[in-house]
Amino acid sequence: MGVDAVIAQGSEGGGHTGTIPTSLLVPGVLEATRGSGLVVLAAGGMHDGASLAGALTWGAHGVAMGTRFLLTAESHVPDHVKQVYLDSGLNATVVTSAIDGAPQRVIRTEFVDGLESSRGPMRFVRAARNAIGFARHAGTSPLDLLRTARSMHASGDLTWAQVALAANAPMMTRASIVEGDLEVGILPTGQVVGTIGDLPSVAELISGIVGDASDALERVCGGADPRSDS
Ligand SMILES: Cc1cc2nc3c(=O)[nH]c(=O)nc-3n(C[C@H](O)[C@H](O)[C@H](O)COP(=O)(O)O)c2cc1C
């Protein structure tokens with residue numbers, strides 16, 4: 001398909017995610033793509049020099065980070081939302097399919113707990129109420145919402161409750177982390193959020209990660225340099 005690079009995101013990663021941890025997924029993807037010339041980036045839990053050094057020793061070409069970049073000085077996420085992330089521990093996340101039918105790692109908020117615990121008709125009522133509310137917010141007409149919902153339901157195995165939410169999930173995520181409406185409560189995050197307690201600039205972050213990875217590789221194997229092109 002003309003793809004140049006693959007990001008292999010393990011289960012600890014933020015947002016939509018699978019069940020295989022990064023430490024097992026990345027070596028598997030490297031094995032599967034050996035000889036193809038594809039660049040493979042490791043993702044899910046990457047945040048510091050040690051994780052970059054680890055990924056390079058598996059044979060990955062580099063790392064991709066989501067949660068770590070969300071928690072930087074330049075990130076546009078409002079400060080009070082960043083604070084919720086900073087206050088979240090390693091056990092503060094949950095993988096739920098209740099939002100749009102696909103497993104997604106988010107901070108366990110009241111809204112997510114409510115979705116997880118409501119079943120059958122109640123889940124549909126809750127989902128539909130949110131769908132209608134957010135369609136109004138986004139300026140989507142009820143007819144367009146219905147059309148989207150019908151085609152999503154027809155093309156997959158989503159329940160009507162999941163369809164109602166899935167049609168609005170991107171809007172709800174945007175309302176939560178861009179507009180800062182915490183009542184909406186969809187805050188995608190990696191488990192690594194539990195280890196992050198600062199908001200560095202991106203320049204500080206990158207130079208710290210590269211320097212620490214370089215030191216770690218020097219210590220362990222006497223000199224492989226993550227700054228080199230090889
Ligand atoms: C707030 C947030 C939103 C995300 N949205 C998307 C998305 O829309 N599409 C996508 O492919 N991945 C999305 N991701 C996943 C990231 O691109 C990345 O693969 C993931 O965050 C890596 O795991 P980490 O958070 O442990 O670094 C999102 C991650 C976060 C934290």
# chains A, B, ... in the order shown; residues from 1 in each chain; ligands from 1
call {"tool": "residues_around", "arguments": {"residues": "Ser11 in chain A", "least_positions_apart": "3", "cutoff": "9 Å", "atoms": "only C-alpha atoms", "output": "list in words"}}
result
Gly14, His16, Thr17, Gly18, Thr19, Ile20, Pro21, Thr22, Leu25, Gly44, Gly45, Arg105, Gly190 and Gln191 of chain A
call {"tool": "residues_near_ligand", "arguments": {"ligand": "ligand 1", "cutoff": "10 Å", "atoms": "only C-alpha atoms and all ligand atoms", "output": "mmCIF file with all heavy atoms, in the first residue's frame"}}
result
data_model
loop_
_atom_site.group_PDB
_atom_site.id
_atom_site.type_symbol
_atom_site.label_atom_id
_atom_site.label_comp_id
_atom_site.auth_asym_id
_atom_site.auth_seq_id
_atom_site.Cartn_x
_atom_site.Cartn_y
_atom_site.Cartn_z
ATOM 1 N N ILE A 7 3.507 2.167 13.179
ATOM 2 C CA ILE A 7 3.575 2.412 14.625
ATOM 3 C C ILE A 7 2.926 1.216 15.307
ATOM 4 O O ILE A 7 1.746 0.930 15.083
ATOM 5 C CB ILE A 7 2.850 3.712 15.012
ATOM 6 C CG1 ILE A 7 3.510 4.910 14.345
ATOM 7 C CG2 ILE A 7 2.844 3.874 16.539
ATOM 8 C CD1 ILE A 7 2.820 6.245 14.608
ATOM 9 N N ALA A 8 3.709 0.496 16.110
ATOM 10 C CA ALA A 8 3.178 -0.664 16.837
ATOM 11 C C ALA A 8 2.855 -0.207 18.257
ATOM 12 O O ALA A 8 3.759 0.056 19.051
ATOM 13 C CB ALA A 8 4.208 -1.788 16.848
ATOM 14 N N GLN A 9 1.554 -0.086 18.562
ATOM 15 C CA GLN A 9 1.144 0.427 19.880
ATOM 16 C C GLN A 9 0.639 -0.699 20.774
ATOM 17 O O GLN A 9 -0.356 -1.341 20.474
ATOM 18 C CB GLN A 9 0.046 1.485 19.723
ATOM 19 C CG GLN A 9 -0.379 2.053 21.080
ATOM 20 C CD GLN A 9 -1.660 2.853 21.020
ATOM 21 O OE1 GLN A 9 -1.790 3.750 20.204
ATOM 22 N NE2 GLN A 9 -2.611 2.529 21.892
ATOM 23 N N GLY A 10 1.357 -0.932 21.850
ATOM 24 C CA GLY A 10 0.969 -1.976 22.801
ATOM 25 C C GLY A 10 -0.211 -1.558 23.666
ATOM 26 O O GLY A 10 -0.657 -0.404 23.634
ATOM 27 N N SER A 11 -0.696 -2.515 24.448
ATOM 28 C CA SER A 11 -1.946 -2.329 25.196
ATOM 29 C C SER A 11 -1.890 -1.197 26.207
ATOM 30 O O SER A 11 -2.925 -0.620 26.548
ATOM 31 C CB SER A 11 -2.321 -3.624 25.909
ATOM 32 O OG SER A 11 -1.260 -4.042 26.746
ATOM 33 N N GLU A 12 -0.687 -0.857 26.692
ATOM 34 C CA GLU A 12 -0.626 0.212 27.694
ATOM 35 C C GLU A 12 -0.843 1.597 27.092
ATOM 36 O O GLU A 12 -0.960 2.584 27.800
ATOM 37 C CB GLU A 12 0.679 0.168 28.504
ATOM 38 C CG GLU A 12 1.988 0.118 27.742
ATOM 39 C CD GLU A 12 2.447 -1.297 27.395
ATOM 40 O OE1 GLU A 12 1.738 -1.960 26.613
ATOM 41 O OE2 GLU A 12 3.513 -1.719 27.858
ATOM 42 N N GLY A 13 -0.896 1.678 25.762
ATOM 43 C CA GLY A 13 -1.048 2.954 25.067
ATOM 44 C C GLY A 13 -2.399 3.607 25.273
ATOM 45 O O GLY A 13 -3.374 2.972 25.677
ATOM 46 N N GLY A 14 -2.446 4.909 24.954
ATOM 47 C CA GLY A 14 -3.670 5.686 25.127
ATOM 48 C C GLY A 14 -4.588 5.613 23.927
ATOM 49 O O GLY A 14 -4.149 5.335 22.819
ATOM 50 N N GLY A 15 -5.864 5.853 24.151
ATOM 51 C CA GLY A 15 -6.854 5.809 23.079
ATOM 52 C C GLY A 15 -7.153 4.366 22.694
ATOM 53 O O GLY A 15 -7.002 3.450 23.503
ATOM 54 N N HIS A 16 -7.571 4.162 21.431
ATOM 55 C CA HIS A 16 -7.917 2.798 21.001
ATOM 56 C C HIS A 16 -6.688 1.908 21.090
ATOM 57 O O HIS A 16 -5.607 2.293 20.650
ATOM 58 C CB HIS A 16 -8.464 2.826 19.570
ATOM 59 C CG HIS A 16 -9.798 3.491 19.507
ATOM 60 N ND1 HIS A 16 -9.980 4.740 18.967
ATOM 61 C CD2 HIS A 16 -11.008 3.094 19.961
ATOM 62 C CE1 HIS A 16 -11.259 5.082 19.085
ATOM 63 N NE2 HIS A 16 -11.903 4.105 19.694
ATOM 64 N N THR A 17 -6.866 0.748 21.647
ATOM 65 C CA THR A 17 -5.698 -0.084 21.904
ATOM 66 C C THR A 17 -6.081 -1.556 21.944
ATOM 67 O O THR A 17 -7.255 -1.904 22.035
ATOM 68 C CB THR A 17 -5.002 0.393 23.207
ATOM 69 O OG1 THR A 17 -3.669 -0.061 23.231
ATOM 70 C CG2 THR A 17 -5.734 -0.061 24.468
ATOM 71 N N THR A 22 3.328 -3.679 24.852
ATOM 72 C CA THR A 22 4.345 -3.164 23.930
ATOM 73 C C THR A 22 5.570 -4.079 23.859
ATOM 74 O O THR A 22 6.105 -4.319 22.778
ATOM 75 C CB THR A 22 4.772 -1.745 24.388
ATOM 76 O OG1 THR A 22 3.593 -0.943 24.516
ATOM 77 C CG2 THR A 22 5.698 -1.086 23.388
ATOM 78 N N LEU A 41 8.083 1.963 14.566
ATOM 79 C CA LEU A 41 8.166 2.792 15.773
ATOM 80 C C LEU A 41 7.398 2.110 16.893
ATOM 81 O O LEU A 41 6.278 1.629 16.683
ATOM 82 C CB LEU A 41 7.570 4.182 15.504
ATOM 83 C CG LEU A 41 8.207 4.966 14.350
ATOM 84 C CD1 LEU A 41 7.479 6.293 14.145
ATOM 85 C CD2 LEU A 41 9.693 5.216 14.607
ATOM 86 N N ALA A 42 8.009 2.076 18.074
ATOM 87 C CA ALA A 42 7.357 1.460 19.231
ATOM 88 C C ALA A 42 6.517 2.508 19.959
ATOM 89 O O ALA A 42 6.974 3.632 20.173
ATOM 90 C CB ALA A 42 8.415 0.907 20.186
ATOM 91 N N ALA A 43 5.286 2.135 20.332
ATOM 92 C CA ALA A 43 4.427 3.068 21.066
ATOM 93 C C ALA A 43 3.680 2.326 22.162
ATOM 94 O O ALA A 43 3.516 1.108 22.114
ATOM 95 C CB ALA A 43 3.433 3.732 20.113
ATOM 96 N N GLY A 44 3.218 3.121 23.138
ATOM 97 C CA GLY A 44 2.522 2.539 24.289
ATOM 98 C C GLY A 44 3.472 2.507 25.468
ATOM 99 O O GLY A 44 4.304 1.613 25.579
ATOM 100 N N GLY A 45 3.403 3.536 26.315
ATOM 101 C CA GLY A 45 4.242 3.578 27.511
ATOM 102 C C GLY A 45 5.572 4.271 27.307
ATOM 103 O O GLY A 45 6.376 4.368 28.237
ATOM 104 N N MET A 46 5.840 4.776 26.101
ATOM 105 C CA MET A 46 7.133 5.424 25.844
ATOM 106 C C MET A 46 7.111 6.833 26.442
ATOM 107 O O MET A 46 6.188 7.603 26.181
ATOM 108 C CB MET A 46 7.394 5.503 24.335
ATOM 109 C CG MET A 46 7.430 4.148 23.666
ATOM 110 S SD MET A 46 8.810 3.178 24.291
ATOM 111 C CE MET A 46 8.169 1.521 24.157
ATOM 112 N N HIS A 47 8.125 7.173 27.220
ATOM 113 C CA HIS A 47 8.087 8.501 27.849
ATOM 114 C C HIS A 47 9.445 9.024 28.280
ATOM 115 O O HIS A 47 9.564 10.185 28.652
ATOM 116 C CB HIS A 47 7.170 8.489 29.078
ATOM 117 C CG HIS A 47 7.691 7.637 30.198
ATOM 118 N ND1 HIS A 47 7.781 6.277 30.124
ATOM 119 C CD2 HIS A 47 8.153 7.972 31.425
ATOM 120 C CE1 HIS A 47 8.269 5.802 31.247
ATOM 121 N NE2 HIS A 47 8.518 6.804 32.057
ATOM 122 N N VAL A 63 10.574 5.733 18.644
ATOM 123 C CA VAL A 63 9.344 5.597 19.426
ATOM 124 C C VAL A 63 8.337 6.667 19.012
ATOM 125 O O VAL A 63 8.706 7.701 18.447
ATOM 126 C CB VAL A 63 9.607 5.714 20.959
ATOM 127 C CG1 VAL A 63 10.517 4.600 21.445
ATOM 128 C CG2 VAL A 63 10.157 7.084 21.325
ATOM 129 N N ALA A 64 7.070 6.395 19.295
ATOM 130 C CA ALA A 64 6.013 7.405 19.142
ATOM 131 C C ALA A 64 5.370 7.572 20.515
ATOM 132 O O ALA A 64 5.161 6.588 21.229
ATOM 133 C CB ALA A 64 4.972 6.949 18.118
ATOM 134 N N MET A 65 5.080 8.806 20.883
ATOM 135 C CA MET A 65 4.495 9.072 22.205
ATOM 136 C C MET A 65 3.211 9.880 22.063
ATOM 137 O O MET A 65 3.140 10.797 21.246
ATOM 138 C CB MET A 65 5.481 9.871 23.071
ATOM 139 C CG MET A 65 6.854 9.238 23.222
ATOM 140 S SD MET A 65 7.907 10.104 24.422
ATOM 141 C CE MET A 65 8.065 11.720 23.676
ATOM 142 N N GLY A 66 2.213 9.554 22.852
ATOM 143 C CA GLY A 66 0.960 10.311 22.862
ATOM 144 C C GLY A 66 0.790 11.037 24.186
ATOM 145 O O GLY A 66 0.842 12.269 24.272
ATOM 146 N N THR A 67 0.625 10.252 25.253
ATOM 147 C CA THR A 67 0.349 10.822 26.575
ATOM 148 C C THR A 67 1.461 11.782 27.016
ATOM 149 O O THR A 67 1.193 12.848 27.572
ATOM 150 C CB THR A 67 0.188 9.680 27.599
ATOM 151 O OG1 THR A 67 -0.829 8.799 27.116
ATOM 152 C CG2 THR A 67 -0.197 10.214 28.962
ATOM 153 N N ARG A 68 2.720 11.397 26.751
ATOM 154 C CA ARG A 68 3.835 12.245 27.196
ATOM 155 C C ARG A 68 3.776 13.623 26.521
ATOM 156 O O ARG A 68 4.018 14.646 27.155
ATOM 157 C CB ARG A 68 5.155 11.518 26.902
ATOM 158 C CG ARG A 68 6.441 12.201 27.312
ATOM 159 C CD ARG A 68 6.600 12.477 28.795
ATOM 160 N NE ARG A 68 6.039 13.748 29.217
ATOM 161 C CZ ARG A 68 6.307 14.340 30.390
ATOM 162 N NH1 ARG A 68 7.116 13.757 31.271
ATOM 163 N NH2 ARG A 68 5.745 15.486 30.701
ATOM 164 N N PHE A 69 3.422 13.661 25.218
ATOM 165 C CA PHE A 69 3.337 14.959 24.533
ATOM 166 C C PHE A 69 2.113 15.760 24.982
ATOM 167 O O PHE A 69 2.147 16.991 24.985
ATOM 168 C CB PHE A 69 3.307 14.775 23.016
ATOM 169 C CG PHE A 69 4.671 14.561 22.407
ATOM 170 C CD1 PHE A 69 4.901 13.514 21.541
ATOM 171 C CD2 PHE A 69 5.716 15.424 22.695
ATOM 172 C CE1 PHE A 69 6.162 13.326 20.979
ATOM 173 C CE2 PHE A 69 6.979 15.244 22.146
ATOM 174 C CZ PHE A 69 7.200 14.191 21.279
ATOM 175 N N LEU A 70 1.044 15.036 25.347
ATOM 176 C CA LEU A 70 -0.140 15.753 25.866
ATOM 177 C C LEU A 70 0.251 16.546 27.113
ATOM 178 O O LEU A 70 -0.232 17.656 27.343
ATOM 179 C CB LEU A 70 -1.239 14.729 26.189
ATOM 180 C CG LEU A 70 -2.613 15.230 26.582
ATOM 181 C CD1 LEU A 70 -3.670 14.197 26.185
ATOM 182 C CD2 LEU A 70 -2.732 15.517 28.059
ATOM 183 N N LEU A 71 1.171 15.967 27.906
ATOM 184 C CA LEU A 71 1.590 16.627 29.150
ATOM 185 C C LEU A 71 2.907 17.382 28.943
ATOM 186 O O LEU A 71 3.941 17.044 29.528
ATOM 187 C CB LEU A 71 1.689 15.588 30.272
ATOM 188 C CG LEU A 71 0.321 15.024 30.665
ATOM 189 C CD1 LEU A 71 0.455 13.812 31.580
ATOM 190 C CD2 LEU A 71 -0.550 16.096 31.314
ATOM 191 N N VAL A 77 -3.999 21.354 25.449
ATOM 192 C CA VAL A 77 -4.994 20.868 26.415
ATOM 193 C C VAL A 77 -5.060 21.876 27.579
ATOM 194 O O VAL A 77 -4.015 22.304 28.088
ATOM 195 C CB VAL A 77 -4.579 19.464 26.926
ATOM 196 C CG1 VAL A 77 -5.458 19.000 28.065
ATOM 197 C CG2 VAL A 77 -4.608 18.462 25.773
ATOM 198 N N GLN A 104 -10.911 1.089 24.159
ATOM 199 C CA GLN A 104 -10.233 2.381 24.221
ATOM 200 C C GLN A 104 -9.776 2.632 25.654
ATOM 201 O O GLN A 104 -10.547 2.487 26.592
ATOM 202 C CB GLN A 104 -11.222 3.463 23.775
ATOM 203 C CG GLN A 104 -10.616 4.830 23.762
ATOM 204 C CD GLN A 104 -11.462 5.900 23.089
ATOM 205 O OE1 GLN A 104 -11.033 7.011 22.995
ATOM 206 N NE2 GLN A 104 -12.654 5.593 22.625
ATOM 207 N N ARG A 105 -8.473 3.023 25.801
ATOM 208 C CA ARG A 105 -7.972 3.305 27.156
ATOM 209 C C ARG A 105 -8.194 4.774 27.483
ATOM 210 O O ARG A 105 -7.750 5.658 26.752
ATOM 211 C CB ARG A 105 -6.482 2.968 27.289
ATOM 212 C CG ARG A 105 -5.995 3.092 28.746
ATOM 213 C CD ARG A 105 -4.535 2.713 28.918
ATOM 214 N NE ARG A 105 -4.255 1.310 28.675
ATOM 215 C CZ ARG A 105 -4.552 0.313 29.502
ATOM 216 N NH1 ARG A 105 -5.150 0.565 30.657
ATOM 217 N NH2 ARG A 105 -4.253 -0.930 29.192
ATOM 218 N N VAL A 106 -8.898 4.999 28.584
ATOM 219 C CA VAL A 106 -9.243 6.355 29.025
ATOM 220 C C VAL A 106 -9.063 6.456 30.536
ATOM 221 O O VAL A 106 -8.950 5.431 31.213
ATOM 222 C CB VAL A 106 -10.729 6.690 28.685
ATOM 223 C CG1 VAL A 106 -10.956 6.821 27.192
ATOM 224 C CG2 VAL A 106 -11.667 5.638 29.272
ATOM 225 N N ILE A 107 -9.070 7.686 31.042
ATOM 226 C CA ILE A 107 -9.101 7.864 32.499
ATOM 227 C C ILE A 107 -10.482 7.439 32.987
ATOM 228 O O ILE A 107 -11.498 7.738 32.349
ATOM 229 C CB ILE A 107 -8.809 9.323 32.884
ATOM 230 C CG1 ILE A 107 -7.353 9.667 32.531
ATOM 231 C CG2 ILE A 107 -9.052 9.549 34.388
ATOM 232 C CD1 ILE A 107 -6.934 11.090 32.851
ATOM 233 N N PRO A 170 -15.858 11.320 18.758
ATOM 234 C CA PRO A 170 -14.794 12.310 18.513
ATOM 235 C C PRO A 170 -15.150 13.691 19.062
ATOM 236 O O PRO A 170 -14.303 14.381 19.631
ATOM 237 C CB PRO A 170 -14.687 12.341 16.983
ATOM 238 C CG PRO A 170 -15.280 11.058 16.517
ATOM 239 C CD PRO A 170 -16.358 10.731 17.505
ATOM 240 N N THR A 173 -14.752 13.613 22.836
ATOM 241 C CA THR A 173 -13.343 13.652 23.235
ATOM 242 C C THR A 173 -12.827 15.084 23.092
ATOM 243 O O THR A 173 -12.132 15.609 23.959
ATOM 244 C CB THR A 173 -12.510 12.689 22.348
ATOM 245 O OG1 THR A 173 -13.121 11.407 22.407
ATOM 246 C CG2 THR A 173 -11.080 12.598 22.818
ATOM 247 N N ARG A 174 -13.230 15.715 22.000
ATOM 248 C CA ARG A 174 -12.806 17.107 21.764
ATOM 249 C C ARG A 174 -13.346 18.031 22.867
ATOM 250 O O ARG A 174 -12.613 18.865 23.408
ATOM 251 C CB ARG A 174 -13.335 17.554 20.393
ATOM 252 C CG ARG A 174 -12.832 18.891 19.983
ATOM 253 C CD ARG A 174 -13.415 19.387 18.673
ATOM 254 N NE ARG A 174 -13.267 20.823 18.630
ATOM 255 C CZ ARG A 174 -12.121 21.438 18.353
ATOM 256 N NH1 ARG A 174 -11.057 20.741 18.050
ATOM 257 N NH2 ARG A 174 -12.041 22.748 18.384
ATOM 258 N N SER A 176 -14.010 17.247 25.855
ATOM 259 C CA SER A 176 -13.324 16.977 27.123
ATOM 260 C C SER A 176 -11.920 17.556 27.139
ATOM 261 O O SER A 176 -11.565 18.300 28.048
ATOM 262 C CB SER A 176 -13.220 15.456 27.362
ATOM 263 O OG SER A 176 -14.470 14.841 27.260
ATOM 264 N N ILE A 177 -11.106 17.183 26.127
ATOM 265 C CA ILE A 177 -9.687 17.529 26.270
ATOM 266 C C ILE A 177 -9.270 18.797 25.544
ATOM 267 O O ILE A 177 -8.217 19.343 25.825
ATOM 268 C CB ILE A 177 -8.723 16.371 25.890
ATOM 269 C CG1 ILE A 177 -8.894 15.966 24.435
ATOM 270 C CG2 ILE A 177 -8.836 15.211 26.808
ATOM 271 C CD1 ILE A 177 -7.833 14.962 24.008
ATOM 272 N N VAL A 178 -10.083 19.277 24.605
ATOM 273 C CA VAL A 178 -9.720 20.529 23.921
ATOM 274 C C VAL A 178 -10.477 21.702 24.544
ATOM 275 O O VAL A 178 -9.897 22.712 24.909
ATOM 276 C CB VAL A 178 -9.997 20.444 22.404
ATOM 277 C CG1 VAL A 178 -9.613 21.751 21.713
ATOM 278 C CG2 VAL A 178 -9.217 19.276 21.790
ATOM 279 N N ILE A 186 -14.504 12.134 28.631
ATOM 280 C CA ILE A 186 -13.773 11.132 27.839
ATOM 281 C C ILE A 186 -12.346 11.637 27.676
ATOM 282 O O ILE A 186 -12.069 12.556 26.898
ATOM 283 C CB ILE A 186 -14.425 10.880 26.466
ATOM 284 C CG1 ILE A 186 -15.835 10.322 26.664
ATOM 285 C CG2 ILE A 186 -13.577 9.894 25.646
ATOM 286 C CD1 ILE A 186 -16.514 9.868 25.395
ATOM 287 N N LEU A 187 -11.446 11.046 28.448
ATOM 288 C CA LEU A 187 -10.062 11.513 28.507
ATOM 289 C C LEU A 187 -9.124 10.367 28.132
ATOM 290 O O LEU A 187 -8.649 9.626 29.006
ATOM 291 C CB LEU A 187 -9.746 12.011 29.925
ATOM 292 C CG LEU A 187 -10.627 13.159 30.449
ATOM 293 C CD1 LEU A 187 -10.393 13.395 31.933
ATOM 294 C CD2 LEU A 187 -10.372 14.435 29.655
ATOM 295 N N PRO A 188 -8.844 10.206 26.829
ATOM 296 C CA PRO A 188 -7.962 9.108 26.417
ATOM 297 C C PRO A 188 -6.580 9.291 27.037
ATOM 298 O O PRO A 188 -6.062 10.406 27.099
ATOM 299 C CB PRO A 188 -7.882 9.252 24.894
ATOM 300 C CG PRO A 188 -9.038 10.106 24.508
ATOM 301 C CD PRO A 188 -9.290 11.006 25.685
ATOM 302 N N THR A 189 -5.987 8.199 27.473
ATOM 303 C CA THR A 189 -4.659 8.268 28.079
ATOM 304 C C THR A 189 -3.992 6.912 28.072
ATOM 305 O O THR A 189 -4.663 5.887 28.106
ATOM 306 C CB THR A 189 -4.750 8.752 29.534
ATOM 307 O OG1 THR A 189 -3.418 8.923 30.034
ATOM 308 C CG2 THR A 189 -5.453 7.756 30.430
ATOM 309 N N GLY A 190 -2.646 6.931 28.056
ATOM 310 C CA GLY A 190 -1.904 5.701 28.263
ATOM 311 C C GLY A 190 -1.710 5.471 29.745
ATOM 312 O O GLY A 190 -1.822 6.407 30.546
ATOM 313 N N GLN A 191 -1.393 4.214 30.098
ATOM 314 C CA GLN A 191 -1.135 3.913 31.516
ATOM 315 C C GLN A 191 0.042 4.710 32.047
ATOM 316 O O GLN A 191 0.129 4.988 33.242
ATOM 317 C CB GLN A 191 -0.824 2.417 31.670
ATOM 318 C CG GLN A 191 -2.056 1.551 31.739
ATOM 319 C CD GLN A 191 -1.708 0.092 31.855
ATOM 320 O OE1 GLN A 191 -1.018 -0.446 30.999
ATOM 321 N NE2 GLN A 191 -2.164 -0.551 32.909
ATOM 322 N N VAL A 192 0.928 5.122 31.129
ATOM 323 C CA VAL A 192 2.128 5.860 31.521
ATOM 324 C C VAL A 192 1.778 7.156 32.248
ATOM 325 O O VAL A 192 2.615 7.728 32.949
ATOM 326 C CB VAL A 192 2.994 6.121 30.254
ATOM 327 C CG1 VAL A 192 2.374 7.168 29.348
ATOM 328 C CG2 VAL A 192 4.407 6.496 30.617
ATOM 329 N N VAL A 193 0.523 7.610 32.123
ATOM 330 C CA VAL A 193 0.099 8.827 32.827
ATOM 331 C C VAL A 193 0.448 8.736 34.319
ATOM 332 O O VAL A 193 0.767 9.743 34.956
ATOM 333 C CB VAL A 193 -1.424 9.070 32.622
ATOM 334 C CG1 VAL A 193 -2.278 8.105 33.434
ATOM 335 C CG2 VAL A 193 -1.795 10.509 32.931
#
call {"tool": "closest_residue", "arguments": {"among": "A:Leu205, A:Ala164, A:Met152, A:Ala102", "to": "Val125 in chain A", "atoms": "only C-alpha atoms"}}
result
A:Ala164
call {"tool": "atom_distance", "arguments": {"atom1": "CA of Pro78 in chain A", "atom2": "CA of Glu183 in chain A"}}
result
14.2 Å
call {"tool": "atom_distance", "arguments": {"atom1": "CA of Thr109 in chain A", "atom2": "CA of Gln162 in chain A"}}
result
18.0 Å
call {"tool": "closest_residue", "arguments": {"among": "A:Thr140, A:Ser155, A:Thr57, A:Ser75", "to": "Val26 in chain A", "atoms": "only C-alpha atoms"}}
result
A:Thr57
call {"tool": "atom_distance", "arguments": {"atom1": "CA of Val6 in chain A", "atom2": "CA of Thr33 in chain A"}}
result
9.3 Å
call {"tool": "closest_residue", "arguments": {"among": "A:Leu199, A:Gly54, A:Gly185, A:Asp87", "to": "Ala213 in chain A", "atoms": "only C-alpha atoms"}}
result
A:Gly54
call {"tool": "select_by_dssp", "arguments": {"residues": "range 6-163 of chain A", "states": "strand (DSSP E or B)", "output": "list in words"}}
result
Val6, Ile7, Ala8, Gln9, Gly15, His16, Val39, Val40, Leu41, Ala42, Ala43, Gly62, Val63, Ala64, Thr93, Val94, Val95, Thr96, Gln104, Arg105, Val106 and Ile107 of chain A
call {"tool": "select_by_dssp", "arguments": {"residues": "range 81-178 of chain A", "states": "alpha helix (DSSP H)", "output": "MDAnalysis selection string"}}
result
chainID A and resid 81:86 110:117 120:138 142:155 160:166 169:177
call {"tool": "residues_around", "arguments": {"residues": "Glu204 in chain A", "least_positions_apart": "5", "cutoff": "12 Å", "atoms": "only C-alpha atoms", "output": "NGL selection string"}}
result
:A and (48 or 69 or 72-74 or 198-199 or 209-212)
call {"tool": "write_last_selection", "arguments": {"atoms": "N, CA and C atoms", "output": "tab-separated table (two decimals), in the first residue's frame"}}
result
chain	number	residue	atom	x	y	z
A	48	ASP	N	10.49	8.17	28.27
A	48	ASP	CA	11.77	8.64	28.80
A	48	ASP	C	12.93	7.96	28.07
A	69	PHE	N	3.42	13.66	25.22
A	69	PHE	CA	3.34	14.96	24.53
A	69	PHE	C	2.11	15.76	24.98
A	72	THR	N	2.85	18.38	28.08
A	72	THR	CA	3.99	19.29	27.89
A	72	THR	C	3.47	20.72	27.97
A	73	ALA	N	4.40	21.64	28.11
A	73	ALA	CA	4.01	23.05	28.24
A	73	ALA	C	3.27	23.53	27.00
A	74	GLU	N	3.70	23.07	25.81
A	74	GLU	CA	3.10	23.57	24.56
A	74	GLU	C	1.75	22.94	24.24
A	198	ASP	N	5.20	16.05	35.50
A	198	ASP	CA	5.70	17.39	35.15
A	198	ASP	C	5.20	17.80	33.76
A	199	LEU	N	5.40	19.08	33.45
A	199	LEU	CA	4.97	19.62	32.16
A	199	LEU	C	6.15	20.33	31.49
A	209	ILE	N	15.24	13.02	26.86
A	209	ILE	CA	15.02	11.61	26.47
A	209	ILE	C	16.21	11.10	25.67
A	210	VAL	N	16.64	11.89	24.67
A	210	VAL	CA	17.74	11.43	23.81
A	210	VAL	C	19.04	11.31	24.62
A	211	GLY	N	19.30	12.31	25.48
A	211	GLY	CA	20.51	12.25	26.31
A	211	GLY	C	20.49	11.04	27.24
A	212	ASP	N	19.36	10.82	27.90
A	212	ASP	CA	19.27	9.69	28.85
A	212	ASP	C	19.37	8.35	28.13
call {"tool": "closest_residue", "arguments": {"among": "A:Gly37, A:Gly197, A:Gly180, A:Gly49", "to": "Ser214 in chain A", "atoms": "only C-alpha atoms"}}
result
A:Gly49
